[in-house]
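Coordinates from protein_0.cif are shown below (mmCIF, C-alpha atoms).
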```
data_entry
loop_
_atom_site.group_PDB
_atom_site.id
_atom_site.type_symbol
_atom_site.label_atom_id
_atom_site.label_comp_id
_atom_site.auth_asym_id
_atom_site.auth_seq_id
_atom_site.Cartn_x
_atom_site.Cartn_y
_atom_site.Cartn_z
ATOM 1 C CA MET A 226 159.029 118.821 76.669
ATOM 2 C CA LYS A 227 162.298 120.233 77.935
ATOM 3 C CA LYS A 228 161.977 122.248 81.118
ATOM 4 C CA GLN A 229 164.493 124.529 82.788
ATOM 5 C CA SER A 230 163.809 125.671 86.313
ATOM 6 C CA SER A 231 166.700 128.118 86.643
ATOM 7 C CA ARG A 232 169.401 129.707 84.499
ATOM 8 C CA TYR A 233 172.798 131.322 84.986
ATOM 9 C CA THR A 234 174.169 134.248 82.988
ATOM 10 C CA TRP A 235 177.243 134.455 83.916
ATOM 11 C CA SER A 236 212.922 125.657 75.307
ATOM 12 C CA PRO A 237 215.073 125.985 72.118
ATOM 13 C CA ARG A 238 215.082 122.148 71.743
ATOM 14 C CA PHE A 239 211.483 122.253 70.516
ATOM 15 C CA ALA A 240 210.330 123.390 67.100
ATOM 16 C CA PRO A 241 208.288 126.632 67.098
ATOM 17 C CA GLY A 242 205.106 124.758 66.160
ATOM 18 C CA ALA A 243 205.492 122.278 69.015
ATOM 19 C CA PHE A 244 206.218 125.112 71.440
ATOM 20 C CA ALA A 245 203.095 126.973 70.326
ATOM 21 C CA LEU A 246 200.986 123.830 70.706
ATOM 22 C CA GLY A 247 202.348 123.185 74.200
ATOM 23 C CA ALA A 248 201.736 126.775 75.208
ATOM 24 C CA GLY A 249 198.192 126.601 73.851
ATOM 25 C CA LEU A 250 197.427 123.454 75.829
ATOM 26 C CA LEU A 251 198.836 125.028 78.987
ATOM 27 C CA LEU A 252 196.732 128.155 78.541
ATOM 28 C CA ALA A 253 193.630 126.043 77.852
ATOM 29 C CA GLY A 254 194.279 124.044 81.020
ATOM 30 C CA CYS A 255 194.494 127.259 83.041
ATOM 31 C CA ALA A 256 191.502 128.955 81.426
ATOM 32 C CA PRO A 257 188.909 130.054 84.000
ATOM 33 C CA VAL A 258 185.840 127.926 84.582
ATOM 34 C CA THR A 259 182.417 129.026 85.796
ATOM 35 C CA ASN A 260 181.359 126.582 88.504
ATOM 36 C CA LEU A 261 177.597 126.221 89.046
ATOM 37 C CA LEU A 262 177.550 125.638 92.793
ATOM 38 C CA ASN A 263 173.859 126.313 93.419
ATOM 39 C CA LEU A 264 172.350 122.910 94.211
ATOM 40 C CA ALA A 265 168.961 124.052 92.925
ATOM 41 C CA GLY A 266 170.163 124.537 89.375
ATOM 42 C CA PRO A 267 170.463 125.086 86.570
ATOM 43 C CA ARG A 268 168.111 122.109 86.261
ATOM 44 C CA PHE A 269 166.759 120.619 83.062
ATOM 45 C CA GLU A 270 164.228 117.836 82.688
ATOM 46 C CA GLY A 271 162.314 116.179 79.872
ATOM 47 C CA HIS A 272 159.527 113.601 79.638
ATOM 48 C CA TYR A 273 159.608 111.616 76.403
ATOM 49 C CA ALA A 274 159.160 108.021 77.588
ATOM 50 C CA PRO A 275 155.820 106.323 76.852
ATOM 51 C CA ARG A 276 153.602 105.713 79.852
ATOM 52 C CA VAL A 277 154.477 102.439 81.568
ATOM 53 C CA PRO A 278 151.537 100.031 81.004
ATOM 54 C CA PRO A 279 149.742 98.749 84.115
ATOM 55 C CA ALA A 280 150.564 95.171 83.089
ATOM 56 C CA ALA A 281 154.334 95.794 83.093
ATOM 57 C CA PRO A 282 156.299 93.149 85.032
ATOM 58 C CA ALA A 283 157.021 93.902 88.675
ATOM 59 C CA ARG A 284 160.710 92.932 88.254
ATOM 60 C CA PRO A 285 161.644 93.903 84.704
ATOM 61 C CA PRO A 286 165.218 93.338 83.473
ATOM 62 C CA ILE A 287 167.000 96.698 83.415
ATOM 63 C CA ARG A 288 169.556 97.515 80.717
ATOM 64 C CA LEU A 289 172.071 99.991 82.163
ATOM 65 C CA VAL A 290 174.310 102.040 79.855
ATOM 66 C CA THR A 291 176.897 104.744 80.526
ATOM 67 C CA PHE A 292 178.563 106.869 77.838
ATOM 68 C CA ASN A 293 180.906 109.861 77.987
ATOM 69 C CA ILE A 294 180.124 111.866 74.833
ATOM 70 C CA LYS A 295 183.073 114.235 74.493
ATOM 71 C CA PHE A 296 181.764 117.794 75.058
ATOM 72 C CA ALA A 297 178.423 116.656 73.552
ATOM 73 C CA ARG A 298 179.905 117.394 70.118
ATOM 74 C CA GLU A 299 178.735 114.404 68.078
ATOM 75 C CA ILE A 300 175.149 113.945 69.227
ATOM 76 C CA ASP A 301 173.829 112.525 65.949
ATOM 77 C CA ARG A 302 176.581 109.910 65.892
ATOM 78 C CA ALA A 303 176.029 109.147 69.565
ATOM 79 C CA ILE A 304 172.331 108.554 68.909
ATOM 80 C CA GLN A 305 173.229 106.105 66.132
ATOM 81 C CA VAL A 306 175.528 104.215 68.516
ATOM 82 C CA LEU A 307 172.911 104.145 71.282
ATOM 83 C CA GLN A 308 170.306 102.734 68.886
ATOM 84 C CA LYS A 309 172.468 99.755 67.888
ATOM 85 C CA ASP A 310 173.555 96.380 69.206
ATOM 86 C CA SER A 311 173.870 95.925 72.980
ATOM 87 C CA LEU A 312 172.907 99.542 73.728
ATOM 88 C CA ARG A 313 169.561 99.420 71.951
ATOM 89 C CA GLY A 314 166.604 99.610 74.301
ATOM 90 C CA ALA A 315 168.527 101.050 77.243
ATOM 91 C CA ASP A 316 166.270 101.443 80.271
ATOM 92 C CA ILE A 317 168.653 103.671 82.233
ATOM 93 C CA LEU A 318 171.354 105.754 80.583
ATOM 94 C CA THR A 319 173.942 107.936 82.299
ATOM 95 C CA LEU A 320 175.801 110.491 80.179
ATOM 96 C CA GLN A 321 178.839 112.655 80.869
ATOM 97 C CA GLU A 322 180.253 115.886 79.368
ATOM 98 C CA MET A 323 176.771 116.902 78.290
ATOM 99 C CA ASP A 324 175.043 120.198 77.573
ATOM 100 C CA GLU A 325 171.292 120.749 77.807
ATOM 101 C CA ASP A 326 170.575 120.499 74.069
ATOM 102 C CA GLY A 327 172.545 117.266 73.678
ATOM 103 C CA VAL A 328 170.713 115.597 76.562
ATOM 104 C CA ASP A 329 167.339 116.663 75.208
ATOM 105 C CA ARG A 330 168.081 115.461 71.678
ATOM 106 C CA ILE A 331 169.201 112.036 72.885
ATOM 107 C CA ALA A 332 166.194 111.695 75.189
ATOM 108 C CA ARG A 333 163.808 112.603 72.342
ATOM 109 C CA ALA A 334 165.443 110.164 69.929
ATOM 110 C CA LEU A 335 165.428 107.260 72.408
ATOM 111 C CA GLY A 336 162.074 108.034 74.048
ATOM 112 C CA LEU A 337 163.445 108.577 77.554
ATOM 113 C CA ASN A 338 162.801 110.881 80.488
ATOM 114 C CA TYR A 339 165.774 112.782 81.887
ATOM 115 C CA ALA A 340 167.200 114.940 84.649
ATOM 116 C CA TYR A 341 170.271 117.070 83.965
ATOM 117 C CA TYR A 342 172.220 119.379 86.271
ATOM 118 C CA PRO A 343 175.318 120.959 84.692
ATOM 119 C CA ALA A 344 178.337 121.251 86.951
ATOM 120 C CA SER A 345 179.987 124.178 85.174
ATOM 121 C CA ILE A 346 180.350 126.257 82.057
ATOM 122 C CA HIS A 347 183.419 124.633 80.550
ATOM 123 C CA PRO A 348 186.116 126.968 79.187
ATOM 124 C CA THR A 349 186.894 124.655 76.251
ATOM 125 C CA SER A 350 183.358 124.520 74.861
ATOM 126 C CA GLY A 351 181.820 127.620 76.470
ATOM 127 C CA LYS A 352 178.724 125.491 77.154
ATOM 128 C CA TYR A 353 177.115 123.720 80.095
ATOM 129 C CA PHE A 354 179.096 120.638 81.130
ATOM 130 C CA GLY A 355 177.933 117.858 83.421
ATOM 131 C CA PRO A 356 176.301 114.430 83.910
ATOM 132 C CA ALA A 357 172.718 113.395 83.187
ATOM 133 C CA VAL A 358 170.376 110.518 84.075
ATOM 134 C CA LEU A 359 167.967 109.279 81.371
ATOM 135 C CA SER A 360 165.277 106.681 82.081
ATOM 136 C CA ARG A 361 162.520 104.708 80.398
ATOM 137 C CA TRP A 362 160.845 104.759 83.808
ATOM 138 C CA PRO A 363 159.315 107.706 85.690
ATOM 139 C CA ILE A 364 161.763 109.979 87.520
ATOM 140 C CA GLU A 365 160.172 110.735 90.884
ATOM 141 C CA ARG A 366 162.877 113.018 92.235
ATOM 142 C CA SER A 367 166.320 114.307 91.218
ATOM 143 C CA TRP A 368 169.092 116.457 92.671
ATOM 144 C CA LYS A 369 172.626 117.752 92.140
ATOM 145 C CA LEU A 370 175.410 116.428 94.367
ATOM 146 C CA LEU A 371 178.477 118.676 94.673
ATOM 147 C CA LEU A 372 181.732 116.692 94.823
ATOM 148 C CA PRO A 373 184.762 117.876 96.848
ATOM 149 C CA HIS A 374 188.053 119.268 95.477
ATOM 150 C CA GLY A 375 188.508 121.694 92.624
ATOM 151 C CA GLY A 376 191.010 120.988 89.869
ATOM 152 C CA TRP A 377 194.565 122.219 90.444
ATOM 153 C CA THR A 378 194.880 124.503 87.399
ATOM 154 C CA ARG A 379 191.408 126.023 87.021
ATOM 155 C CA GLY A 380 189.442 125.083 90.116
ATOM 156 C CA GLN A 381 186.738 123.212 88.223
ATOM 157 C CA ARG A 382 184.243 121.440 90.506
ATOM 158 C CA ARG A 383 182.586 118.186 89.544
ATOM 159 C CA THR A 384 179.037 117.109 90.410
ATOM 160 C CA ALA A 385 176.916 113.977 90.238
ATOM 161 C CA THR A 386 173.311 113.941 89.056
ATOM 162 C CA ALA A 387 171.100 111.731 91.240
ATOM 163 C CA ALA A 388 167.606 110.501 90.424
ATOM 164 C CA ILE A 389 165.075 108.182 92.039
ATOM 165 C CA LEU A 390 163.278 106.073 89.426
ATOM 166 C CA ARG A 391 160.109 104.032 89.837
ATOM 167 C CA VAL A 392 160.984 100.755 88.071
ATOM 168 C CA GLY A 393 158.073 98.329 88.286
ATOM 169 C CA GLN A 394 157.464 97.915 91.999
ATOM 170 C CA THR A 395 160.944 99.132 92.918
ATOM 171 C CA ARG A 396 162.357 102.584 93.548
ATOM 172 C CA LEU A 397 165.903 102.689 92.192
ATOM 173 C CA LEU A 398 168.446 105.419 93.054
ATOM 174 C CA VAL A 399 170.795 106.241 90.160
ATOM 175 C CA TYR A 400 173.896 108.461 90.150
ATOM 176 C CA ALA A 401 175.502 109.722 86.940
ATOM 177 C CA VAL A 402 179.073 110.613 87.875
ATOM 178 C CA HIS A 403 182.136 112.144 86.255
ATOM 179 C CA LEU A 404 185.112 112.363 88.602
ATOM 180 C CA GLU A 405 187.972 114.787 88.005
ATOM 181 C CA THR A 406 190.930 113.756 85.832
ATOM 182 C CA PRO A 407 194.310 112.511 87.137
ATOM 183 C CA VAL A 408 195.888 115.688 85.735
ATOM 184 C CA GLN A 409 193.722 117.860 88.005
ATOM 185 C CA ILE A 410 193.454 116.019 91.351
ATOM 186 C CA SER A 411 195.144 113.140 93.173
ATOM 187 C CA GLU A 412 193.826 109.592 93.485
ATOM 188 C CA ALA A 413 193.138 110.247 97.177
ATOM 189 C CA GLU A 414 191.006 113.270 96.249
ATOM 190 C CA ARG A 415 189.173 111.189 93.645
ATOM 191 C CA ARG A 416 188.459 108.699 96.426
ATOM 192 C CA ASP A 417 186.923 111.588 98.388
ATOM 193 C CA GLN A 418 184.734 112.370 95.388
ATOM 194 C CA VAL A 419 183.395 108.834 95.059
ATOM 195 C CA MET A 420 182.918 108.596 98.822
ATOM 196 C CA ALA A 421 180.710 111.709 98.638
ATOM 197 C CA VAL A 422 178.405 109.694 96.352
ATOM 198 C CA VAL A 423 178.548 106.639 98.630
ATOM 199 C CA THR A 424 177.715 108.807 101.648
ATOM 200 C CA ASP A 425 174.804 110.439 99.844
ATOM 201 C CA ALA A 426 173.361 106.969 99.099
ATOM 202 C CA ALA A 427 174.159 105.443 102.506
ATOM 203 C CA ASP A 428 170.714 105.883 104.061
ATOM 204 C CA TYR A 429 168.771 104.816 100.975
ATOM 205 C CA ARG A 430 167.021 101.487 101.655
ATOM 206 C CA GLY A 431 166.476 100.494 98.041
ATOM 207 C CA PRO A 432 168.813 99.438 95.219
ATOM 208 C CA VAL A 433 171.468 101.876 93.970
ATOM 209 C CA VAL A 434 173.314 102.321 90.652
ATOM 210 C CA ILE A 435 176.489 104.424 90.358
ATOM 211 C CA ALA A 436 177.665 104.746 86.754
ATOM 212 C CA GLY A 437 179.857 107.009 84.695
ATOM 213 C CA ASP A 438 183.406 108.122 83.975
ATOM 214 C CA PHE A 439 185.558 107.640 87.084
ATOM 215 C CA ASN A 440 188.859 108.741 85.493
ATOM 216 C CA SER A 441 190.390 105.867 87.459
ATOM 217 C CA GLU A 442 190.342 102.099 87.426
ATOM 218 C CA GLY A 443 191.557 101.635 90.986
ATOM 219 C CA ILE A 444 188.613 103.587 92.377
ATOM 220 C CA GLY A 445 186.501 100.474 91.766
ATOM 221 C CA GLY A 446 188.104 98.860 94.799
ATOM 222 C CA VAL A 447 186.785 101.697 96.960
ATOM 223 C CA LEU A 448 183.220 101.011 95.864
ATOM 224 C CA ARG A 449 183.628 97.282 96.400
ATOM 225 C CA GLU A 450 184.756 97.983 99.953
ATOM 226 C CA GLN A 451 181.494 99.894 100.411
ATOM 227 C CA GLY A 452 179.352 96.914 99.375
ATOM 228 C CA TYR A 453 178.899 97.642 95.661
ATOM 229 C CA THR A 454 179.222 95.071 92.880
ATOM 230 C CA TRP A 455 181.583 96.131 90.092
ATOM 231 C CA LEU A 456 179.686 94.882 87.050
ATOM 232 C CA THR A 457 182.087 96.180 84.395
ATOM 233 C CA GLN A 458 185.404 95.353 86.036
ATOM 234 C CA HIS A 459 186.649 93.224 83.140
ATOM 235 C CA VAL A 460 185.334 95.128 80.089
ATOM 236 C CA GLY A 461 188.810 96.397 79.153
ATOM 237 C CA PRO A 462 190.032 99.848 78.087
ATOM 238 C CA THR A 463 187.212 102.334 77.500
ATOM 239 C CA VAL A 464 189.286 105.422 76.592
ATOM 240 C CA SER A 465 192.700 105.031 74.970
ATOM 241 C CA TRP A 466 194.346 102.289 77.093
ATOM 242 C CA PHE A 467 192.517 103.211 80.321
ATOM 243 C CA SER A 468 189.514 101.426 81.831
ATOM 244 C CA TRP A 469 187.669 104.406 83.321
ATOM 245 C CA ASP A 470 183.969 103.994 82.434
ATOM 246 C CA HIS A 471 182.088 101.672 84.778
ATOM 247 C CA ILE A 472 178.813 100.580 86.385
ATOM 248 C CA PHE A 473 178.463 99.685 90.074
ATOM 249 C CA VAL A 474 175.308 98.421 91.794
ATOM 250 C CA ARG A 475 174.005 97.659 95.255
ATOM 251 C CA GLY A 476 170.854 95.654 95.903
ATOM 252 C CA VAL A 477 170.356 94.325 92.365
ATOM 253 C CA SER A 478 171.753 91.255 90.619
ATOM 254 C CA ARG A 479 173.264 90.781 87.189
ATOM 255 C CA ALA A 480 170.842 89.040 84.849
ATOM 256 C CA ALA A 481 173.445 86.543 83.588
ATOM 257 C CA PRO A 482 177.241 86.176 83.546
ATOM 258 C CA ALA A 483 177.388 87.402 79.937
ATOM 259 C CA SER A 484 175.064 90.372 80.460
ATOM 260 C CA VAL A 485 177.808 92.994 80.528
ATOM 261 C CA GLY A 486 180.095 94.499 77.914
ATOM 262 C CA MET A 487 181.561 97.417 76.000
ATOM 263 C CA VAL A 488 180.739 98.667 72.502
ATOM 264 C CA ARG A 489 183.845 99.180 70.378
ATOM 265 C CA LYS A 490 182.377 100.577 67.154
ATOM 266 C CA ILE A 491 181.313 104.116 68.072
ATOM 267 C CA ARG A 492 181.485 105.822 64.644
ATOM 268 C CA GLY A 493 183.533 108.782 65.912
ATOM 269 C CA ALA A 494 180.898 109.719 68.494
ATOM 270 C CA SER A 495 183.424 110.193 71.310
ATOM 271 C CA ASP A 496 186.874 109.344 72.630
ATOM 272 C CA HIS A 497 185.195 106.998 75.153
ATOM 273 C CA HIS A 498 183.465 103.660 74.558
ATOM 274 C CA PRO A 499 180.068 103.056 76.199
ATOM 275 C CA VAL A 500 179.629 100.149 78.603
ATOM 276 C CA TRP A 501 176.444 98.282 79.516
ATOM 277 C CA SER A 502 174.969 95.637 81.783
ATOM 278 C CA VAL A 503 171.580 94.031 82.411
ATOM 279 C CA VAL A 504 170.395 93.657 86.009
ATOM 280 C CA ILE A 505 167.317 92.373 87.844
ATOM 281 C CA PRO A 506 165.633 94.304 90.700
ATOM 282 C CA PRO A 507 165.303 92.609 94.114
ATOM 283 C CA ARG A 508 162.684 89.874 94.407
ATOM 284 C CA SER A 509 160.828 91.237 97.387
ATOM 285 C CA GLY A 510 160.953 93.756 100.226
ATOM 286 C CA PRO A 511 159.426 97.139 100.963
ATOM 287 C CA VAL A 512 159.400 99.842 98.317
ATOM 288 C CA ALA A 513 161.960 102.464 99.364
ATOM 289 C CA ALA A 514 160.417 105.748 100.373
ATOM 290 C CA VAL A 515 161.329 108.890 98.436
ATOM 291 C CA PRO A 516 163.507 110.944 100.815
#
```

Take the structure in the file and give it back as structure tokens.
Amino acid sequence: MKKQSSRYTWSPRFAPGAFALGAGLLLAGCAPVTNLLNLAGPRFEGHYAPRVPPAAPARPPIRLVTFNIKFAREIDRAIQVLQKDSLRGADILTLQEMDEDGVDRIARALGLNYAYYPASIHPTSGKYFGPAVLSRWPIERSWKLLLPHGGWTRGQRRTATAAILRVGQTRLLVYAVHLETPVQISEAERRDQVMAVVTDAADYRGPVVIAGDFNSEGIGGVLREQGYTWLTQHVGPTVSWFSWDHIFVRGVSRAAPASVGMVRKIRGASDHHPVWSVVIPPRSGPVAAVP
């Protein structure tokens, strides 16, 4: 059942048609955005995953998937993509550009639990806009992480959604992220955004996953410097000719050299391609406490 704990109410060289299009894009880029800066919400959650059987393995393989579904417009097509091929049976799914209905529909269709904190009401869609964490495993705690730097033209603030999952005998911390675009902030400011996630996870003693749309390929080097493994470094372009959608981990190992990839056939579900990887939790050690 979906649950919401809080809510907000809130020149002559160009042909005339080209000029009008350019002006429209400029106005859209400058349209005001409603940032949702309250860390307590809006918050949405759902519980659709079957109960984990007592005999489940202590170190189950974990299929990680991340997918930016453009403005949550093509949810039915996205569900079809997520039910096929290498994405089928995802254990942990991070989504970007989502609204509350899109997250809930995907979670219902795939039988997953979820936590979703929208970052803003986007001026293009007029709907909630932000990242979500979906999981086949119980979500013990979740929170919104506010990222630094508003966009240059409309001041939009980005957030990450964080969740602690109980996977077998391991507590796993997962961040669904969507950094700001190169049009709106500099690469140095995007580094600040990813470092806010790294800092938030710094004191966590268990394994960590950071996955999503980073709007940068070079930002992967920053995470490597911080001790994270860049699982999807060589998957290739994920949106147009850019490689921006990635999965990083700390404290878990890839299941096999070939257990990573990108899905190319997405049936018009988005302008991004989803990426995936399979990892194995640590063999032993204390179960991380829930902070």

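Counting all atoms listed in the file, the residue from A:Val399, A:Val392, A:Leu307, A:Ile444 that sits nearest to Met487 in chain A is A:Leu307.
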
Inset, instruction - State, in Å with one decimal place, the distance from CA of Phe439 in chain A to CA of Gly376 in chain A. - result: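 Answer for the CA of Phe439 in chain A to CA of Gly376 in chain A separation: 14.7 Å.
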
Inset, instruction - List, as a list in words, every residue that the PyMOL selection byres ((chain A and resi 260) around 7) selects in the file provided. - result: Val258, Thr259, Leu261, Leu262, Ala344, Ser345, Ile346, Gln381 and Arg382 of chain A

Inset, instruction - Counting all atoms listed in the file, figure out which residue out of A:Ile317, A:Leu404, A:Ala297, A:Ile505 gets nearest to His374 in chain A. - result: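 For His374 in chain A, the nearest of the given residues is A:Leu404.
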
Inset, instruction - Kindly indicate which residue among A:Gly452, A:Pro499, A:Pro348, A:Pro507 lies nearest to Ala315 in chain A, using only C-alpha atoms for the distances. - result: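 Checking each of A:Gly452, A:Pro499, A:Pro348, A:Pro507 against Ala315 in chain A, counting only C-alpha atoms, the winner is A:Pro499.
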
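Counting from CA of Tyr341 in chain A, the distance to CA of Trp469 in chain A is 21.5 Å.
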
Inset, instruction - Work out how far apart CA of Gly431 in chain A and CA of Pro343 in chain A are and give it in Å to one decimal. - result: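 A separation of 26.0 Å between them.
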
Inset, instruction - Quick one: everything within 12 Å of Lys309 in chain A, counting all atoms listed in the file, minus sequence neighbours fewer than 2 positions away in the same chain. Send it as a count of residues only. - result: 18

Dig up all the protein and nucleic acid residues within 10 Å of (186.2, 104.5, 74.7) in the file frame, using only C-alpha atoms, and format them as a PDB file with C-alpha atoms, in the coordinates of the input.
```pdb
ATOM      1  CA  PHE A 292     178.563 106.869  77.838  1.00  0.00           C
ATOM      2  CA  ASN A 293     180.906 109.861  77.987  1.00  0.00           C
ATOM      3  CA  ILE A 294     180.124 111.866  74.833  1.00  0.00           C
ATOM      4  CA  GLY A 461     188.810  96.397  79.153  1.00  0.00           C
ATOM      5  CA  PRO A 462     190.032  99.848  78.087  1.00  0.00           C
ATOM      6  CA  THR A 463     187.212 102.334  77.500  1.00  0.00           C
ATOM      7  CA  VAL A 464     189.286 105.422  76.592  1.00  0.00           C
ATOM      8  CA  SER A 465     192.700 105.031  74.970  1.00  0.00           C
ATOM      9  CA  TRP A 466     194.346 102.289  77.093  1.00  0.00           C
ATOM     10  CA  PHE A 467     192.517 103.211  80.321  1.00  0.00           C
ATOM     11  CA  SER A 468     189.514 101.426  81.831  1.00  0.00           C
ATOM     12  CA  TRP A 469     187.669 104.406  83.321  1.00  0.00           C
ATOM     13  CA  ASP A 470     183.969 103.994  82.434  1.00  0.00           C
ATOM     14  CA  MET A 487     181.561  97.417  76.000  1.00  0.00           C
ATOM     15  CA  VAL A 488     180.739  98.667  72.502  1.00  0.00           C
ATOM     16  CA  ARG A 489     183.845  99.180  70.378  1.00  0.00           C
ATOM     17  CA  LYS A 490     182.377 100.577  67.154  1.00  0.00           C
ATOM     18  CA  ILE A 491     181.313 104.116  68.072  1.00  0.00           C
ATOM     19  CA  ALA A 494     180.898 109.719  68.494  1.00  0.00           C
ATOM     20  CA  SER A 495     183.424 110.193  71.310  1.00  0.00           C
ATOM     21  CA  ASP A 496     186.874 109.344  72.630  1.00  0.00           C
ATOM     22  CA  HIS A 497     185.195 106.998  75.153  1.00  0.00           C
ATOM     23  CA  HIS A 498     183.465 103.660  74.558  1.00  0.00           C
ATOM     24  CA  PRO A 499     180.068 103.056  76.199  1.00  0.00           C
ATOM     25  CA  VAL A 500     179.629 100.149  78.603  1.00  0.00           C
TER      26      VAL A 500
END
```

Inset, instruction - Find, counting all atoms listed in the file, the residue in A:Pro286, A:Gly375, A:Pro407, A:Gly393 that gets nearest to Ser502 in chain A. - result: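 Of all the options, A:Pro286 lies closest to Ser502 in chain A.
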
Legend entry - Residues in the PyMOL selection byres ((chain A and resi 359-362) around 7), expressed as a list in words: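 Checking the PyMOL selection byres ((chain A and resi 359-362) around 7) against this file, the residues are Ala274, Asp316, Ile317, Leu318, Thr319, Ala332, Leu337, Asn338, Tyr339, Ala340, Ala357, Val358, Pro363, Ile364, Leu390, Arg391 and Val392 of chain A.
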
Kindly list the centre and edge lengths in Å, rounded to one decimal, for the axis-aligned box that covers all listed atoms of range 403-415 of chain A plus 3 Å on each of its six sides, as AutoDock Vina command-line options.
```
--center_x 189.0 --center_y 113.7 --center_z 91.5 --size_x 19.8 --size_y 14.3 --size_z 17.4
```
